[in-house]
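Source file: my_file-v9.txt. Holds: compact mmCIF, C-alpha atoms.
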```txt
# COMPACT_ATOMS: atom_id res chain seq x y z
CA MET A 1 10.06 16.67 -11.17
CA LYS A 2 12.34 16.80 -8.18
CA TYR A 3 12.43 13.68 -5.96
CA LEU A 4 10.76 11.65 -8.69
CA ASP A 5 12.53 11.46 -12.06
CA GLU A 6 15.97 10.92 -10.57
CA TYR A 7 14.74 7.69 -8.97
CA ARG A 8 13.97 6.31 -12.43
CA ASP A 9 17.54 6.62 -13.75
CA ALA A 10 18.17 3.61 -15.99
CA GLY A 11 21.94 3.60 -15.50
CA ALA A 12 21.67 3.47 -11.73
CA ALA A 13 18.96 0.80 -12.01
CA HIS A 14 21.25 -1.42 -14.06
CA LYS A 15 24.06 -0.92 -11.57
CA TYR A 16 21.74 -1.98 -8.78
CA ALA A 17 20.65 -5.02 -10.78
CA GLN A 18 24.28 -5.99 -11.36
CA GLU A 19 25.09 -5.68 -7.69
CA ILE A 20 22.06 -7.79 -6.76
CA ALA A 21 23.10 -10.46 -9.27
CA ARG A 22 26.65 -10.45 -7.92
CA LEU A 23 25.47 -10.99 -4.35
CA THR A 24 22.84 -13.63 -5.03
CA THR A 25 24.11 -17.17 -4.52
CA ARG A 26 20.83 -19.10 -4.35
CA PRO A 27 17.06 -18.71 -4.90
CA TRP A 28 15.20 -16.20 -2.76
CA SER A 29 11.53 -15.20 -2.70
CA LEU A 30 10.68 -11.66 -1.61
CA MET A 31 7.24 -10.17 -1.20
CA GLU A 32 6.54 -6.52 -1.93
CA VAL A 33 3.66 -5.73 0.37
CA CYS A 34 2.16 -2.71 -1.33
CA GLY A 35 0.15 -2.70 -4.54
CA GLY A 36 1.79 0.59 -5.51
CA GLN A 37 5.13 -1.23 -5.49
CA THR A 38 3.62 -4.08 -7.54
CA HIS A 39 2.51 -1.60 -10.18
CA ALA A 40 5.99 -0.02 -10.35
CA ILE A 41 7.63 -3.46 -10.61
CA VAL A 42 5.38 -4.57 -13.46
CA LYS A 43 5.37 -1.20 -15.21
CA PHE A 44 9.14 -0.72 -15.20
CA GLY A 45 9.97 -4.43 -15.62
CA ILE A 46 11.99 -4.48 -12.40
CA ASP A 47 11.38 -8.22 -11.92
CA GLU A 48 12.89 -8.80 -15.36
CA LEU A 49 16.04 -6.88 -14.40
CA LEU A 50 16.66 -9.20 -11.45
CA PRO A 51 18.57 -12.48 -11.62
CA GLY A 52 16.37 -15.53 -12.26
CA GLN A 53 17.03 -16.79 -8.75
CA ILE A 54 15.04 -13.93 -7.22
CA THR A 55 11.27 -14.19 -7.27
CA LEU A 56 9.11 -11.21 -6.39
CA ILE A 57 5.80 -12.30 -4.88
CA HIS A 58 3.05 -9.71 -5.07
CA GLY A 59 1.50 -9.02 -1.70
CA PRO A 60 -1.98 -8.18 -0.38
CA GLY A 61 -1.34 -4.43 -0.24
CA CYS A 62 -4.37 -3.34 -2.20
CA PRO A 63 -7.04 -2.16 0.24
CA VAL A 64 -9.76 -2.05 -2.39
CA CYS A 65 -8.95 -5.64 -3.34
CA VAL A 66 -9.15 -7.02 0.18
CA THR A 67 -12.40 -5.26 1.09
CA ALA A 68 -14.87 -8.06 1.82
CA VAL A 69 -17.77 -8.60 -0.57
CA GLU A 70 -20.32 -8.16 2.21
CA LEU A 71 -18.92 -4.72 2.96
CA ILE A 72 -19.23 -3.77 -0.70
CA ASP A 73 -22.78 -5.10 -0.65
CA LYS A 74 -23.46 -2.86 2.35
CA ALA A 75 -22.02 0.07 0.41
CA LEU A 76 -24.31 -0.76 -2.52
CA GLU A 77 -27.34 -0.98 -0.26
CA ILE A 78 -26.59 2.37 1.41
CA ALA A 79 -25.69 4.07 -1.90
CA ALA A 80 -29.03 3.08 -3.45
CA ARG A 81 -31.02 4.94 -0.78
CA PRO A 82 -32.72 8.08 -2.11
CA ASP A 83 -31.66 10.20 0.88
CA VAL A 84 -27.96 9.36 0.55
CA ILE A 85 -25.00 10.97 -1.20
CA PHE A 86 -22.47 8.14 -1.29
CA CYS A 87 -18.83 9.20 -1.65
CA SER A 88 -15.88 7.01 -2.51
CA PHE A 89 -12.40 7.04 -4.00
CA GLY A 90 -12.66 6.36 -7.72
CA ASP A 91 -11.24 2.85 -7.89
CA MET A 92 -13.94 1.44 -5.62
CA LEU A 93 -16.72 2.28 -8.10
CA ARG A 94 -16.15 -0.69 -10.41
CA VAL A 95 -15.39 -3.25 -7.74
CA PRO A 96 -17.99 -5.99 -7.96
CA GLY A 97 -20.08 -6.85 -4.94
CA SER A 98 -21.99 -10.10 -4.99
CA ARG A 99 -24.42 -8.82 -7.61
CA THR A 100 -23.47 -5.39 -8.91
CA ASP A 101 -21.14 -2.41 -8.38
CA LEU A 102 -21.34 1.25 -7.35
CA LEU A 103 -21.26 2.47 -10.95
CA ALA A 104 -24.40 0.44 -11.65
CA VAL A 105 -26.07 1.93 -8.58
CA LYS A 106 -25.17 5.37 -9.91
CA ALA A 107 -26.53 4.50 -13.35
CA GLY A 108 -29.73 3.39 -11.63
CA GLY A 109 -30.19 6.83 -10.07
CA GLY A 110 -28.12 6.57 -6.89
CA ASP A 111 -26.16 9.70 -5.95
CA VAL A 112 -22.68 8.15 -5.99
CA ARG A 113 -19.77 10.55 -6.11
CA MET A 114 -16.08 10.04 -6.66
CA ILE A 115 -14.10 12.35 -4.43
CA TYR A 116 -10.41 13.14 -4.00
CA SER A 117 -10.22 13.59 -0.24
CA PRO A 118 -12.38 12.45 2.71
CA LEU A 119 -12.63 16.12 3.66
CA ASP A 120 -14.62 16.70 0.46
CA ALA A 121 -17.32 14.45 1.93
CA VAL A 122 -17.47 16.58 5.08
CA LYS A 123 -17.91 19.66 2.87
CA LEU A 124 -20.75 17.93 0.99
CA ALA A 125 -22.45 17.15 4.30
CA GLU A 126 -22.30 20.84 5.22
CA GLN A 127 -23.67 21.86 1.82
CA HIS A 128 -26.51 19.30 1.84
CA PRO A 129 -28.02 19.29 5.33
CA ALA A 130 -31.13 17.46 4.14
CA LYS A 131 -29.07 14.55 2.77
CA GLU A 132 -27.11 11.80 4.47
CA VAL A 133 -23.50 11.92 3.24
CA VAL A 134 -21.62 8.64 3.57
CA PHE A 135 -17.92 8.14 2.86
CA PHE A 136 -16.55 4.67 2.08
CA GLY A 137 -13.37 4.62 4.18
CA VAL A 138 -11.15 2.14 2.37
CA GLY A 139 -7.42 1.99 2.91
CA PHE A 140 -4.44 0.99 5.00
CA GLU A 141 -2.69 2.98 7.72
CA THR A 142 -1.80 5.60 5.12
CA THR A 143 -5.44 6.50 4.58
CA ALA A 144 -6.73 6.03 8.12
CA PRO A 145 -5.48 9.45 9.36
CA THR A 146 -7.40 11.14 6.54
CA THR A 147 -10.73 9.49 7.34
CA ALA A 148 -10.06 9.95 11.06
CA MET A 149 -9.72 13.68 10.39
CA ALA A 150 -12.98 13.70 8.41
CA VAL A 151 -14.86 12.07 11.32
CA TYR A 152 -13.13 14.30 13.86
CA GLN A 153 -14.05 17.44 11.90
CA ALA A 154 -17.64 16.28 11.45
CA ALA A 155 -17.82 15.81 15.22
CA GLN A 156 -16.28 19.24 15.87
CA LYS A 157 -18.77 20.85 13.49
CA GLY A 158 -21.67 18.95 15.06
CA LEU A 159 -22.66 17.43 11.71
CA LYS A 160 -25.41 14.85 12.12
CA ASN A 161 -25.63 13.89 8.44
CA PHE A 162 -22.09 12.58 7.89
CA SER A 163 -21.05 8.98 8.41
CA LEU A 164 -18.24 6.62 7.51
CA LEU A 165 -18.51 3.08 6.18
CA VAL A 166 -15.26 1.77 7.59
CA ALA A 167 -13.20 -0.78 5.67
CA HIS A 168 -9.77 0.10 7.04
CA VAL A 169 -7.21 -2.67 7.22
CA LEU A 170 -3.82 -2.94 8.90
CA VAL A 171 -0.68 -4.22 7.22
CA PRO A 172 1.36 -5.98 9.96
CA PRO A 173 -1.37 -8.54 10.84
CA ALA A 174 -1.62 -9.49 7.16
CA MET A 175 2.14 -9.95 6.98
CA GLU A 176 1.94 -12.19 10.03
CA ALA A 177 -0.90 -14.18 8.46
CA ILE A 178 1.28 -14.75 5.40
CA LEU A 179 4.31 -15.68 7.50
CA GLY A 180 2.25 -18.06 9.62
CA SER A 181 0.83 -19.90 6.60
CA PRO A 182 1.97 -23.56 6.42
CA ASP A 183 2.99 -23.18 2.78
CA ARG A 184 4.94 -19.98 3.39
CA ARG A 185 7.27 -19.05 0.55
CA VAL A 186 8.13 -15.50 1.56
CA GLN A 187 11.71 -15.14 2.82
CA GLY A 188 11.93 -11.37 2.93
CA PHE A 189 9.62 -8.37 2.74
CA LEU A 190 9.68 -4.99 1.12
CA ALA A 191 7.41 -3.15 3.54
CA ALA A 192 5.04 -0.47 2.28
CA GLY A 193 6.79 2.91 2.43
CA HIS A 194 3.79 5.15 2.82
CA VAL A 195 2.18 2.98 5.49
CA CYS A 196 5.46 3.36 7.39
CA ALA A 197 5.53 7.13 6.76
CA VAL A 198 2.48 7.19 9.04
CA MET A 199 3.17 4.28 11.40
CA GLY A 200 6.97 4.19 11.48
CA TYR A 201 8.56 0.74 11.55
CA GLU A 202 8.94 -0.16 15.19
CA GLU A 203 6.05 -2.65 15.01
CA TYR A 204 7.95 -4.70 12.40
CA ILE A 205 10.90 -5.36 14.67
CA PRO A 206 9.20 -8.18 16.67
CA ILE A 207 7.85 -9.67 13.41
CA ALA A 208 11.33 -9.80 11.85
CA ARG A 209 12.63 -11.43 15.00
CA LYS A 210 9.80 -13.92 15.52
CA TYR A 211 9.71 -15.19 11.94
CA GLN A 212 13.43 -14.61 11.19
CA VAL A 213 12.54 -12.58 8.13
CA PRO A 214 14.29 -9.44 6.84
CA ILE A 215 11.89 -6.50 6.44
CA VAL A 216 13.08 -3.52 4.41
CA VAL A 217 10.88 -0.43 4.32
CA ALA A 218 10.93 0.60 0.66
CA GLY A 219 9.65 3.39 -1.55
CA PHE A 220 7.82 3.21 -4.85
CA GLU A 221 10.24 4.35 -7.53
CA PRO A 222 12.35 1.85 -9.48
CA LEU A 223 15.57 2.70 -7.65
CA ASP A 224 13.79 2.50 -4.29
CA ILE A 225 12.56 -0.98 -5.05
CA LEU A 226 15.92 -2.13 -6.42
CA GLN A 227 17.76 -0.81 -3.39
CA GLY A 228 15.15 -2.46 -1.16
CA VAL A 229 15.73 -5.77 -2.93
CA LEU A 230 19.48 -5.38 -2.59
CA MET A 231 19.23 -4.62 1.13
CA CYS A 232 16.96 -7.62 1.61
CA ILE A 233 19.26 -9.94 -0.37
CA ARG A 234 22.30 -8.73 1.57
CA GLN A 235 20.51 -9.65 4.79
CA LEU A 236 19.42 -13.05 3.48
CA GLU A 237 22.84 -13.90 2.09
CA SER A 238 24.48 -13.02 5.38
CA GLY A 239 21.88 -14.73 7.56
CA ARG A 240 20.44 -11.57 9.10
CA ALA A 241 16.74 -10.85 9.76
CA GLU A 242 16.40 -7.18 10.64
CA VAL A 243 14.23 -4.19 9.91
CA GLU A 244 15.96 -1.66 7.66
CA ASN A 245 14.72 1.56 6.12
CA GLN A 246 15.45 2.17 2.45
CA TYR A 247 12.88 4.98 2.22
CA SER A 248 14.55 7.27 4.73
CA ARG A 249 13.73 10.41 2.79
CA ALA A 250 10.06 9.95 3.79
CA VAL A 251 9.99 7.46 6.68
CA ARG A 252 11.21 8.02 10.23
CA GLN A 253 11.38 5.18 12.73
CA GLU A 254 8.61 6.65 14.88
CA GLY A 255 6.40 7.60 11.92
CA ASN A 256 3.99 10.51 12.01
CA ARG A 257 2.96 10.94 15.65
CA PRO A 258 0.15 13.51 15.15
CA ALA A 259 -1.45 11.23 12.54
CA GLN A 260 -1.16 8.16 14.79
CA GLN A 261 -2.69 10.14 17.63
CA LEU A 262 -5.83 11.09 15.73
CA VAL A 263 -6.21 7.56 14.35
CA ARG A 264 -6.13 6.26 17.94
CA GLU A 265 -8.60 8.94 19.03
CA VAL A 266 -11.20 7.97 16.42
CA PHE A 267 -10.57 4.29 15.71
CA GLN A 268 -9.97 1.07 17.61
CA VAL A 269 -8.43 -2.16 16.37
CA VAL A 270 -11.01 -4.79 15.37
CA PRO A 271 -11.03 -8.17 13.61
CA ARG A 272 -11.59 -7.81 9.86
CA LYS A 273 -12.46 -10.18 7.05
CA TRP A 274 -10.15 -9.83 4.04
CA ARG A 275 -11.60 -10.66 0.64
CA GLY A 276 -10.10 -13.87 -0.65
CA ILE A 277 -8.14 -14.48 2.55
CA GLY A 278 -10.66 -14.70 5.38
CA GLU A 279 -10.86 -13.15 8.81
CA ILE A 280 -7.58 -11.94 10.32
CA PRO A 281 -7.69 -11.06 14.02
CA GLN A 282 -6.87 -7.48 15.03
CA SER A 283 -6.39 -6.53 11.37
CA GLY A 284 -8.85 -3.70 10.90
CA LEU A 285 -9.97 -0.39 12.31
CA GLY A 286 -13.49 0.40 13.50
CA LEU A 287 -14.94 3.57 15.01
CA ARG A 288 -14.66 3.95 18.77
CA ASP A 289 -17.88 4.11 20.77
CA ALA A 290 -17.42 7.86 21.22
CA TYR A 291 -17.77 8.18 17.43
CA ALA A 292 -20.47 5.53 16.96
CA ALA A 293 -22.89 8.19 15.70
CA PHE A 294 -20.69 8.44 12.60
CA ASP A 295 -20.77 4.70 11.87
CA ALA A 296 -22.71 4.17 8.63
CA GLU A 297 -23.26 0.46 9.36
CA ARG A 298 -25.12 1.30 12.57
CA LYS A 299 -26.88 4.34 11.14
CA PHE A 300 -28.36 2.42 8.21
CA GLY A 301 -28.80 -0.89 9.99
CA VAL A 302 -26.83 -2.94 7.48
CA VAL A 303 -24.80 -4.82 10.09
CA GLY A 304 -24.14 -8.48 9.51
CA LEU A 305 -24.94 -9.46 5.91
CA ARG A 306 -23.17 -12.64 4.80
CA VAL A 307 -22.52 -13.51 1.18
CA GLU A 308 -20.41 -15.98 -0.76
CA GLU A 309 -17.68 -14.96 -3.18
CA SER A 310 -17.57 -15.78 -6.87
CA SER A 311 -15.77 -19.09 -7.20
CA GLU A 312 -14.34 -18.23 -10.60
CA CYS A 313 -12.25 -15.35 -9.25
CA LEU A 314 -8.91 -16.51 -7.87
CA SER A 315 -8.10 -13.15 -6.28
CA GLY A 316 -7.57 -14.78 -2.89
CA LEU A 317 -4.64 -16.73 -4.30
CA VAL A 318 -3.31 -13.64 -6.09
CA LEU A 319 -3.57 -11.55 -2.92
CA GLN A 320 -1.63 -14.13 -0.91
CA GLY A 321 1.04 -14.31 -3.60
CA LYS A 322 0.22 -17.96 -4.36
CA ILE A 323 -0.38 -17.38 -8.06
CA LYS A 324 0.48 -14.60 -10.50
CA PRO A 325 -2.46 -12.92 -12.25
CA ARG A 326 -1.74 -14.55 -15.61
CA GLU A 327 -2.02 -18.01 -14.04
CA CYS A 328 -5.74 -17.39 -13.45
CA PRO A 329 -7.77 -19.04 -16.23
CA ALA A 330 -10.19 -16.11 -16.29
CA PHE A 331 -7.43 -13.47 -16.71
CA GLY A 332 -8.06 -11.42 -19.84
CA VAL A 333 -10.66 -13.94 -20.99
CA ARG A 334 -13.69 -13.63 -18.74
CA CYS A 335 -12.15 -10.97 -16.51
CA ASP A 336 -10.88 -7.59 -17.67
CA PRO A 337 -11.11 -4.02 -16.34
CA GLU A 338 -14.42 -3.47 -18.15
CA HIS A 339 -15.97 -6.67 -16.78
CA PRO A 340 -14.04 -7.58 -13.65
CA LEU A 341 -14.73 -10.73 -11.66
CA GLY A 342 -12.72 -9.40 -8.74
CA ALA A 343 -11.28 -6.22 -7.32
CA PRO A 344 -7.58 -6.74 -8.22
CA MET A 345 -8.56 -6.24 -11.88
CA VAL A 346 -9.93 -2.74 -11.29
CA SER A 347 -8.03 -1.23 -8.41
CA SER A 348 -5.14 1.12 -9.19
CA GLU A 349 -3.15 -1.02 -6.76
CA GLY A 350 -4.43 -4.40 -7.92
CA ALA A 351 -1.93 -6.92 -9.26
CA CYS A 352 -4.32 -8.18 -11.99
CA ALA A 353 -4.82 -4.60 -13.23
CA ALA A 354 -1.04 -4.10 -13.35
CA TYR A 355 -0.51 -7.26 -15.43
CA TYR A 356 -3.48 -6.45 -17.66
CA ARG A 357 -2.14 -2.98 -18.31
CA TYR A 358 1.57 -3.68 -18.72
CA ARG A 359 2.02 -7.41 -19.33
CA ARG A 360 -0.92 -8.61 -21.34
CA GLU A 361 0.26 -11.26 -23.75
CA PRO A 362 -1.72 -13.45 -26.08
CA ASN A 363 -2.69 -16.66 -24.31
CA THR A 364 -0.55 -18.65 -26.72
CA ALA A 365 2.57 -17.05 -25.24
CA ALA A 366 1.82 -18.51 -21.84
CA ALA A 367 1.29 -22.02 -23.21
CA MET B 368 -6.80 23.30 10.16
CA ARG B 369 -3.56 24.43 8.55
CA SER B 370 -3.39 23.95 4.81
CA GLY B 371 -1.11 24.98 1.97
CA LYS B 372 -0.73 24.94 -1.78
CA VAL B 373 1.30 22.03 -3.12
CA ASP B 374 2.75 22.02 -6.63
CA PHE B 375 2.31 18.59 -8.27
CA GLY B 376 4.58 19.09 -11.28
CA GLY B 377 2.74 22.24 -12.32
CA VAL B 378 -0.71 21.47 -10.91
CA LEU B 379 -1.45 23.38 -7.71
CA ARG B 380 -3.66 21.79 -5.08
CA GLU B 381 -4.76 22.86 -1.62
CA VAL B 382 -3.52 20.23 0.83
CA SER B 383 -4.09 19.78 4.56
CA LEU B 384 -0.94 20.33 6.62
CA ALA B 385 -2.60 19.18 9.86
CA TYR B 386 -0.22 16.23 10.23
CA VAL B 387 3.01 18.00 9.29
CA PRO B 388 3.23 21.00 11.63
CA GLU B 389 6.95 21.30 10.88
CA VAL B 390 6.72 22.03 7.13
CA LYS B 391 7.62 25.42 5.71
CA VAL B 392 7.09 27.07 2.34
CA GLY B 393 9.46 25.42 -0.16
CA ASP B 394 9.53 21.99 1.50
CA TYR B 395 8.70 18.82 -0.42
CA VAL B 396 5.98 16.61 1.06
CA ILE B 397 4.43 13.17 0.48
CA VAL B 398 0.72 13.75 -0.16
CA HIS B 399 -2.07 11.20 0.09
CA VAL B 400 -5.74 12.01 -0.63
CA GLY B 401 -5.39 15.68 0.21
CA PHE B 402 -3.15 15.34 3.27
CA ALA B 403 0.59 15.87 3.56
CA LEU B 404 1.81 12.89 5.58
CA SER B 405 5.57 13.32 5.57
CA ARG B 406 8.20 15.93 4.77
CA VAL B 407 10.82 14.76 2.27
CA ASP B 408 14.23 14.91 3.95
CA GLU B 409 16.71 16.47 1.53
CA ALA B 410 19.73 14.99 3.25
CA GLU B 411 18.29 11.47 3.02
CA ALA B 412 17.04 11.93 -0.54
CA ASN B 413 20.48 11.21 -1.95
CA GLN B 414 21.18 8.04 -0.06
CA VAL B 415 19.93 5.79 -2.87
CA PHE B 416 22.82 7.13 -4.99
CA ALA B 417 25.31 7.31 -2.17
CA TYR B 418 24.60 3.63 -1.39
CA LEU B 419 25.27 2.69 -5.01
CA GLN B 420 28.52 4.64 -5.05
CA GLU B 421 29.62 3.08 -1.79
CA MET B 422 29.02 -0.39 -3.20
CA GLU B 423 30.94 0.40 -6.36
CA GLU B 424 33.90 1.59 -4.36
CA LEU B 425 33.79 -1.57 -2.27
CA THR B 426 33.56 -3.71 -5.40
CA ASP B 427 36.62 -1.92 -6.78
CA LEU B 428 38.50 -2.65 -3.58
CA GLU B 429 37.52 -6.31 -3.72
CA ASP B 430 38.51 -6.55 -7.37
CA ARG B 431 41.95 -5.19 -6.54
CA GLY B 432 42.36 -7.72 -3.77
CA ALA B 433 41.80 -10.60 -6.20
CA SER B 434 42.26 -13.26 -3.56
CA ALA B 435 39.34 -11.98 -1.42
CA PRO B 436 36.96 -14.88 -0.74
CA PRO B 437 33.37 -14.60 -1.97
CA ALA B 438 30.73 -13.63 0.56
CA SER B 439 29.67 -16.68 2.49
CA PRO B 440 26.18 -17.02 3.91
CA GLY B 441 26.05 -17.01 7.67
CA GLY B 442 29.40 -15.26 7.94
CA SER B 443 30.02 -11.63 8.53
CA PRO B 444 28.18 -9.22 6.23
CA PRO B 445 30.13 -8.70 3.02
CA PHE B 446 29.82 -4.91 3.39
CA PRO B 447 29.81 -2.52 6.29
CA ALA B 448 26.40 -1.19 7.16
CA PRO B 449 25.41 1.71 4.90
CA SER B 450 25.75 5.16 6.37
CA GLY B 451 22.89 7.66 6.42
CA GLY B 452 20.92 7.45 9.63
CA ARG B 453 18.57 4.60 8.84
```
Serialized structure, structure tokens:
Amino acid sequence: MKYLDEYRDAGAAHKYAQEIARLTTRPWSLMEVCGGQTHAIVKFGIDELLPGQITLIHGPGCPVCVTAVELIDKALEIAARPDVIFCSFGDMLRVPGSRTDLLAVKAGGGDVRMIYSPLDAVKLAEQHPAKEVVFFGVGFETTAPTTAMAVYQAAQKGLKNFSLLVAHVLVPPAMEAILGSPDRRVQGFLAAGHVCAVMGYEEYIPIARKYQVPIVVAGFEPLDILQGVLMCIRQLESGRAEVENQYSRAVRQEGNRPAQQLVREVFQVVPRKWRGIGEIPQSGLGLRDAYAAFDAERKFGVVGLRVEESSECLSGLVLQGKIKPRECPAFGVRCDPEHPLGAPMVSSEGACAAYYRYRREPNTAAA
Amino acid sequence: MRSGKVDFGGVLREVSLAYVPEVKVGDYVIVHVGFALSRVDEAEANQVFAYLQEMEELTDLEDRGASAPPASPGGSPPFPAPSGGR
């Protein structure tokens, strides 16, 4: 396929790896922000191509994984109502709340549907006027324009039976939270290419400056990631801390203006609790007052539940890059994709799922 | 809302083009959950290979000038900035 296979060329990948090794004079730790990049790294063994001095730390860029348990519990409560058709992207269905998951609600008779696009939920609302159709809006800046459009269209059509349970999170505040941590290890970032396709990369410039950290916008194919690493290492080795764009075939500096405009029309920036990390100020999106009628939390009165997380799941440490999935004692033993303790084991962008799928080794090998 | 058919390696899907008013038939796009979010820039698509080639040429030059000092941290960048409008 054009613009895909050529970025997996093994010969070019090895040349990149050689160049990185040649330039690297001391240990460096880089964080790839996006879970899609984590999956590519683990799947293609990119970390194993790199010199031992370079450590790739897996970042928090898995929106399903960072969705707070109480929000999932709210989803479960709404989905169980007999008058509701609850719609979600597929990888949210198995994510455990404090007691159960959406699949179990479905098995118990709830009308839970996996959909491809938020617009499908708007269509369902039109087709089922006697039902309440709720979409679970989970995602980063890449997804926000799509749920914003769903809400906007529902408003234009005058639909009264469509609402959004909003779990949107923003990437730059999470990067700042990681950089501001007292035990910070991250020395350079590969920023999430598709988030930047929407948002551009101007907002990273003050972060690079303030924390003296190189930030390279990178794509998702092996060569994208290798070039991103090389650009980052070149900056680190020469003492620079700038924002660069590796993924220029898809990302412009200003991003996608029409998408940003509709996101601003429908959403406002709010504080958000990240699963395993805690509350990060100004790190989420919530519906503006003008669209409050489409807010599922208000509509169903589920505002403000508080629950504790499972103590056995170390996903908070995984999401902050403090441990690798295989360092969790539960990994592959009491936690697997069929019986997950936490979201990173079931999300398509979760680091635990990536290691389970591509790097599962017998426990003896780790000893 | 403007939409179009996108070919995902043989599978055709109707995709919203609301956020990419500039795209034309035949363009490549980045699609996320039913929305095209960015047009793939053909001129930029090659830069990952051009960058590699540029580095190889520079390495060859350095190898020929055997007395060239190794890159030192904090000094000037060992390579000129890559070309390609980033």
Option closest in space to chain A, from B:Val392, B:Leu384, B:Val378, B:Val400 [counting all atoms listed in the file]: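 Of B:Val392, B:Leu384, B:Val378, B:Val400, the one nearest chain A, counting all atoms listed in the file, is B:Val400.
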Residue hits in chain A, query chain B, radius 7 Å, only C-alpha atoms, as a list in words: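 Output check: Met1, Tyr16, Tyr116, Ser117, Thr146, Ala197, Val198, Gln227, Glu237, Ser238, Gly239, Glu244, Asn245, Ser248, Arg249, Ala250, Pro258 and Ala259 of chain A.
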Selection near Phe136 (chain A), 8 Å with all atoms listed in the file, sequence-local residues under 2 positions removed, as a ChimeraX atom specification: /A:75,86-89,134,138,164-167
Neighbour list for Ser315 (chain A) as a PyMOL selection string, cut-off 8 Å, only C-alpha atoms, skip fewer than 3 positions in-chain: chain A and resi 276+318-319+342-344
Keeping only C-alpha atoms, write the selected residues as a tab-separated table (two decimals), in the frame of the given file.
```tsv
chain	number	residue	atom	x	y	z
A	276	GLY	CA	-10.10	-13.87	-0.65
A	318	VAL	CA	-3.31	-13.64	-6.09
A	319	LEU	CA	-3.57	-11.55	-2.92
A	342	GLY	CA	-12.72	-9.40	-8.74
A	343	ALA	CA	-11.28	-6.22	-7.32
A	344	PRO	CA	-7.58	-6.74	-8.22
```
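When CA of Arg240 (chain A) is paired with CA of Leu30 (chain A), their separation reads 14.5 Å.
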Atom-to-atom span, CA of Ile115 (chain A) and CA of Leu103 (chain A), Å: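 Distance reported for this atom pair: 13.8 Å.
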